[in-house]
Amino acid sequence: MRTLTLLLLLWPLASAAAQWTTRPLSEVAVYPEFRALATVVARDEARLAAEVGARIVAMPVREGEQVRRGEELVRLDDASYRLEVQRARAQLNLVDNRIQLARAQLDQARSLSGRGFISADGLRIRETELGVLVAERDAARAALASAELALARCVIRAPYDGVVRERSAAVGDLAVVGTPLVVLAASADAEIRARVPAAQIESLQTAEGLSLVAGGTTHAVRLRRISPLLDAAGQAREVILDSARPLPPGLGASCAGAVRRRSCHPPTCSSATVRSVPGSSVKA
């Protein structure tokens with residue numbers, strides 16, 4: 001009789017124990033999530049300006065077009081610069097001819113000096129004249145190189161592969177030295193930048209599974225660097241992230257990741273288990 005009574009008392013406990021389950025803490029624990037607004041920006045964005053003054057005769061690219069490195073973006077009227085190159089080249093040829101004449105005269109003066117028909121001072125004059133002409137030739141070569149450089153600057157080319165973001169001039173405008181004409185954004189290696197409050201930097205550094213959510217699409221990202229500079233107004237630091245997939249500059253998105261402890265110590269280690277009973281809730 002006692003045995004039957006004992007079995008009847010233990011029956012509810014056995015039924016409840018059959019409904020218990022054991023799972024690792026890592027599977028049921030809810031970790032806080034790091035989240036911040038981010039923007040995809042071009043790694044390089046150049047405001048290409050004219051280095052010489054001239055009228056614009058061609059702008060073969062439009063806004064939004066992709067260009068390759070070295071492709072022509074702007075062409076300026078180079079008529080006057082071509083004339084300068086021709087003038088500098090003619091001046092150099094003139095000095096070369098004068099040097100040939102001076103060398104012939106110097107050789108003759110040396111021959112006459114050996115026979116006593118010309119004084120030592122006269123010989124030094126000829127040598128000095130040749131030295132002056134050699135210096136003039138160096139100056140003429142520099143002037144020619146400068147004229148050729150100015151002529152080459154009449155064509156503005158893309159310094160890298162990119163997309164034309166903005167055109168600040170049109171064909172027929174007079175380009176002034178230093179005035180931006182085209183804004184070119186690099187199309188490769190775009191960076192993801194986010195401004196994170198200083199109080200959340202540690203959470204970002206310990207976050208796992210960082211991802212970028214934009215337009216319903218999720219992209220895996222990794223932390224590249226954190227700027228040491230702190231914005232005095234917002235008390236935030238700039239964070240730069242990388243994505244394995246190319247992303248278009250200007251894309252606005254949200255960066256998120258689960259914040260976990262880097263180390264685990266007893267008794268809250270991942271080896272602990274949580275027992276749950278249906279209909280009840282357990283908070284770890």
# chains A, B, ... in the order shown; residues from 1 in each chain; ligands from 1

call {"tool": "residues_around", "arguments": {"residues": "A:Asn93", "least_positions_apart": "3", "cutoff": "12 Å", "atoms": "only C-alpha atoms", "output": "JSON, numbers by chain"}}
result
{"A": [86, 87, 88, 89, 90, 96, 97, 98, 99, 100, 133, 136, 137, 138, 140, 141, 144]}

call {"tool": "residues_around", "arguments": {"residues": "A:Ala198", "least_positions_apart": "5", "cutoff": "7 Å", "atoms": "only C-alpha atoms", "output": "list in words"}}
result
Gln235, Ala236 and Arg237 of chain A

call {"tool": "residues_around", "arguments": {"residues": "A:Ala158", "least_positions_apart": "5", "cutoff": "8 Å", "atoms": "only C-alpha atoms", "output": "list in words"}}
result
Val67, Arg68, Arg69, Gly70, Glu71, Glu72, Leu73 and Leu184 of chain A

call {"tool": "residues_around", "arguments": {"residues": "stretch 35-39 of chain A", "least_positions_apart": "2", "cutoff": "8 Å", "atoms": "only C-alpha atoms", "output": "PyMOL selection string"}}
result
chain A and resi 33+41+192-196+249-257

call {"tool": "closest_residue", "arguments": {"among": "A:Asp242, A:Glu63, A:Asp107, A:Glu84", "to": "A:Ser168", "atoms": "only C-alpha atoms"}}
result
A:Glu63

call {"tool": "residues_around", "arguments": {"residues": "stretch 121-123 of chain A", "least_positions_apart": "6", "cutoff": "8 Å", "atoms": "only C-alpha atoms", "output": "VMD selection string"}}
result
chain A and resid 106 109 to 110 113

call {"tool": "write_last_selection", "arguments": {"atoms": "N, CA, C and O atoms", "output": "PDB file, in the first residue's frame"}}
result
ATOM      1  N   LEU A 106      86.108  78.687 -82.443  1.00  0.00           N
ATOM      2  CA  LEU A 106      87.044  78.391 -81.357  1.00  0.00           C
ATOM      3  C   LEU A 106      88.180  77.498 -81.860  1.00  0.00           C
ATOM      4  O   LEU A 106      89.356  77.718 -81.507  1.00  0.00           O
ATOM      5  N   ALA A 109      90.473  79.696 -83.728  1.00  0.00           N
ATOM      6  CA  ALA A 109      91.239  80.575 -82.835  1.00  0.00           C
ATOM      7  C   ALA A 109      92.363  79.803 -82.156  1.00  0.00           C
ATOM      8  O   ALA A 109      93.472  80.325 -81.971  1.00  0.00           O
ATOM      9  N   ARG A 110      92.131  78.577 -81.774  1.00  0.00           N
ATOM     10  CA  ARG A 110      93.170  77.768 -81.154  1.00  0.00           C
ATOM     11  C   ARG A 110      94.310  77.484 -82.133  1.00  0.00           C
ATOM     12  O   ARG A 110      95.494  77.490 -81.765  1.00  0.00           O
ATOM     13  N   SER A 113      96.181  80.711 -82.449  1.00  0.00           N
ATOM     14  CA  SER A 113      96.927  81.011 -81.215  1.00  0.00           C
ATOM     15  C   SER A 113      98.205  80.192 -81.146  1.00  0.00           C
ATOM     16  O   SER A 113      99.230  80.680 -80.641  1.00  0.00           O
TER      17      SER A 113
END

call {"tool": "closest_residue", "arguments": {"among": "A:Val221, A:Ala46, A:Ala102, A:Leu151", "to": "A:Thr128", "atoms": "only C-alpha atoms"}}
result
A:Ala102

call {"tool": "select_by_dssp", "arguments": {"residues": "stretch 50-281 of chain A", "states": "alpha helix (DSSP H)", "output": "ChimeraX atom specification"}}
result
/A:79-114,120-152,201-206

call {"tool": "residues_around", "arguments": {"residues": "A:Leu149", "least_positions_apart": "6", "cutoff": "10 Å", "atoms": "only C-alpha atoms", "output": "ChimeraX atom specification"}}
result
/A:81,85,143

call {"tool": "write_last_selection", "arguments": {"atoms": "N, CA, C and O atoms", "output": "mmCIF file, in the first residue's frame"}}
result
data_model
loop_
_atom_site.group_PDB
_atom_site.id
_atom_site.type_symbol
_atom_site.label_atom_id
_atom_site.label_comp_id
_atom_site.auth_asym_id
_atom_site.auth_seq_id
_atom_site.Cartn_x
_atom_site.Cartn_y
_atom_site.Cartn_z
ATOM 1 N N TYR A 81 49.060 77.189 -77.713
ATOM 2 C CA TYR A 81 50.112 76.387 -77.076
ATOM 3 C C TYR A 81 50.925 75.617 -78.111
ATOM 4 O O TYR A 81 52.130 75.385 -77.912
ATOM 5 N N VAL A 85 55.049 75.875 -78.705
ATOM 6 C CA VAL A 85 55.951 74.737 -78.891
ATOM 7 C C VAL A 85 56.793 74.931 -80.145
ATOM 8 O O VAL A 85 58.015 74.688 -80.136
ATOM 9 N N ALA A 143 62.673 75.717 -72.003
ATOM 10 C CA ALA A 143 61.506 76.430 -72.530
ATOM 11 C C ALA A 143 60.666 75.524 -73.426
ATOM 12 O O ALA A 143 59.434 75.566 -73.394
#

call {"tool": "atom_distance", "arguments": {"atom1": "atom CA of A:Val61", "atom2": "atom CA of A:Tyr160"}}
result
14.6 Å

call {"tool": "closest_residue", "arguments": {"among": "A:Ile156, A:Ala104, A:Leu130, A:Ala145", "to": "A:Val74", "atoms": "only C-alpha atoms"}}
result
A:Ile156

call {"tool": "residues_around", "arguments": {"residues": "A:Arg222", "least_positions_apart": "4", "cutoff": "8 Å", "atoms": "only C-alpha atoms", "output": "list in words"}}
result
Leu210, Ser211, Leu241, Asp242 and Ser243 of chain A

call {"tool": "select_by_dssp", "arguments": {"residues": "stretch 30-170 of chain A", "states": "strand (DSSP E)", "output": "PyMOL selection string"}}
result
chain A and resi 33-41+45-49+54-58+66-67+72-76+155-157+162-167

call {"tool": "closest_residue", "arguments": {"among": "A:Val176, A:Leu247, A:Ile201, A:Ala142", "to": "A:Cys154", "atoms": "only C-alpha atoms"}}
result
A:Val176

call {"tool": "closest_residue", "arguments": {"among": "A:Leu112, A:Ile240, A:Leu101, A:Leu76", "to": "A:Glu191", "atoms": "only C-alpha atoms"}}
result
A:Ile240

call {"tool": "closest_residue", "arguments": {"among": "A:Leu223, A:Thr217, A:Asp231, A:Glu166", "to": "A:Pro180", "atoms": "only C-alpha atoms"}}
result
A:Glu166

call {"tool": "decode", "arguments": {"residues": "stretch 102-208 of chain A", "atoms": "C-alpha atoms", "output": "CSV table (one decimal), in the first residue's frame"}}
result
chain,number,residue,atom,x,y,z
A,102,ALA,CA,81.1,79.1,-82.2
A,103,ARG,CA,82.9,75.8,-82.0
A,104,ALA,CA,84.3,76.2,-85.5
A,105,GLN,CA,85.5,79.7,-84.6
A,106,LEU,CA,87.0,78.4,-81.4
A,107,ASP,CA,88.9,75.7,-83.2
A,108,GLN,CA,90.2,78.2,-85.7
A,109,ALA,CA,91.2,80.6,-82.8
A,110,ARG,CA,93.2,77.8,-81.2
A,111,SER,CA,95.0,77.0,-84.4
A,112,LEU,CA,95.9,80.7,-84.9
A,113,SER,CA,96.9,81.0,-81.2
A,114,GLY,CA,99.4,78.1,-81.6
A,115,ARG,CA,101.0,80.1,-84.5
A,116,GLY,CA,101.0,83.4,-82.6
A,117,PHE,CA,98.4,85.1,-84.8
A,118,ILE,CA,95.9,85.6,-81.9
A,119,SER,CA,96.4,86.6,-78.3
A,120,ALA,CA,95.4,84.5,-75.2
A,121,ASP,CA,92.7,87.0,-74.4
A,122,GLY,CA,91.2,86.6,-77.9
A,123,LEU,CA,91.2,82.8,-77.3
A,124,ARG,CA,89.4,83.2,-74.0
A,125,ILE,CA,86.8,85.4,-75.6
A,126,ARG,CA,85.9,82.6,-78.0
A,127,GLU,CA,85.7,80.0,-75.3
A,128,THR,CA,83.5,82.3,-73.2
A,129,GLU,CA,81.2,82.9,-76.2
A,130,LEU,CA,80.8,79.1,-76.6
A,131,GLY,CA,80.0,78.6,-72.9
A,132,VAL,CA,77.3,81.3,-73.1
A,133,LEU,CA,75.7,79.6,-76.1
A,134,VAL,CA,75.7,76.3,-74.3
A,135,ALA,CA,73.9,77.8,-71.4
A,136,GLU,CA,71.4,79.4,-73.8
A,137,ARG,CA,70.8,76.0,-75.3
A,138,ASP,CA,70.0,74.6,-71.9
A,139,ALA,CA,67.5,77.4,-71.3
A,140,ALA,CA,66.0,76.8,-74.8
A,141,ARG,CA,65.5,73.1,-74.0
A,142,ALA,CA,63.8,74.0,-70.7
A,143,ALA,CA,61.5,76.4,-72.5
A,144,LEU,CA,60.6,73.7,-75.1
A,145,ALA,CA,59.8,71.2,-72.3
A,146,SER,CA,57.6,73.8,-70.6
A,147,ALA,CA,55.7,74.6,-73.8
A,148,GLU,CA,55.2,70.9,-74.5
A,149,LEU,CA,53.9,70.4,-70.9
A,150,ALA,CA,51.4,73.2,-71.3
A,151,LEU,CA,50.3,71.7,-74.6
A,152,ALA,CA,49.7,68.3,-72.9
A,153,ARG,CA,47.7,70.0,-70.2
A,154,CYS,CA,45.1,71.1,-72.8
A,155,VAL,CA,43.7,67.5,-72.4
A,156,ILE,CA,42.4,66.5,-69.1
A,157,ARG,CA,42.3,62.7,-68.6
A,158,ALA,CA,40.9,60.4,-66.0
A,159,PRO,CA,43.5,59.6,-63.3
A,160,TYR,CA,41.7,56.3,-62.5
A,161,ASP,CA,38.7,54.2,-63.3
A,162,GLY,CA,35.6,55.9,-62.1
A,163,VAL,CA,32.3,57.5,-62.7
A,164,VAL,CA,31.7,61.2,-63.7
A,165,ARG,CA,29.7,62.6,-60.8
A,166,GLU,CA,29.4,66.2,-61.9
A,167,ARG,CA,30.3,68.5,-64.9
A,168,SER,CA,30.9,72.1,-63.9
A,169,ALA,CA,31.4,73.5,-67.3
A,170,ALA,CA,30.3,73.1,-70.9
A,171,VAL,CA,31.7,73.3,-74.4
A,172,GLY,CA,32.5,77.0,-75.2
A,173,ASP,CA,33.2,78.0,-71.7
A,174,LEU,CA,36.5,79.7,-70.9
A,175,ALA,CA,38.4,77.4,-68.5
A,176,VAL,CA,40.4,79.4,-65.9
A,177,VAL,CA,43.4,77.9,-64.1
A,178,GLY,CA,42.3,76.1,-61.0
A,179,THR,CA,38.6,76.1,-61.8
A,180,PRO,CA,37.1,72.6,-61.3
A,181,LEU,CA,35.5,71.3,-64.5
A,182,VAL,CA,34.7,67.6,-63.7
A,183,VAL,CA,34.1,65.7,-60.5
A,184,LEU,CA,35.3,62.1,-60.9
A,185,ALA,CA,34.5,59.4,-58.3
A,186,ALA,CA,36.5,56.2,-58.2
A,187,SER,CA,34.4,53.1,-59.0
A,188,ALA,CA,36.7,50.5,-57.3
A,189,ASP,CA,37.3,49.8,-53.6
A,190,ALA,CA,34.5,51.9,-52.2
A,191,GLU,CA,34.5,52.3,-48.4
A,192,ILE,CA,31.6,52.0,-45.9
A,193,ARG,CA,31.7,54.8,-43.4
A,194,ALA,CA,29.7,55.1,-40.2
A,195,ARG,CA,29.7,57.6,-37.4
A,196,VAL,CA,29.5,55.7,-34.1
A,197,PRO,CA,29.2,57.4,-30.7
A,198,ALA,CA,32.3,57.0,-28.6
A,199,ALA,CA,30.3,55.0,-26.0
A,200,GLN,CA,29.5,52.3,-28.6
A,201,ILE,CA,33.0,51.8,-29.9
A,202,GLU,CA,33.8,48.9,-27.6
A,203,SER,CA,30.5,47.2,-28.5
A,204,LEU,CA,31.4,47.5,-32.2
A,205,GLN,CA,34.9,46.0,-31.6
A,206,THR,CA,33.4,43.0,-29.9
A,207,ALA,CA,30.5,42.6,-32.4
A,208,GLU,CA,30.3,39.4,-34.4
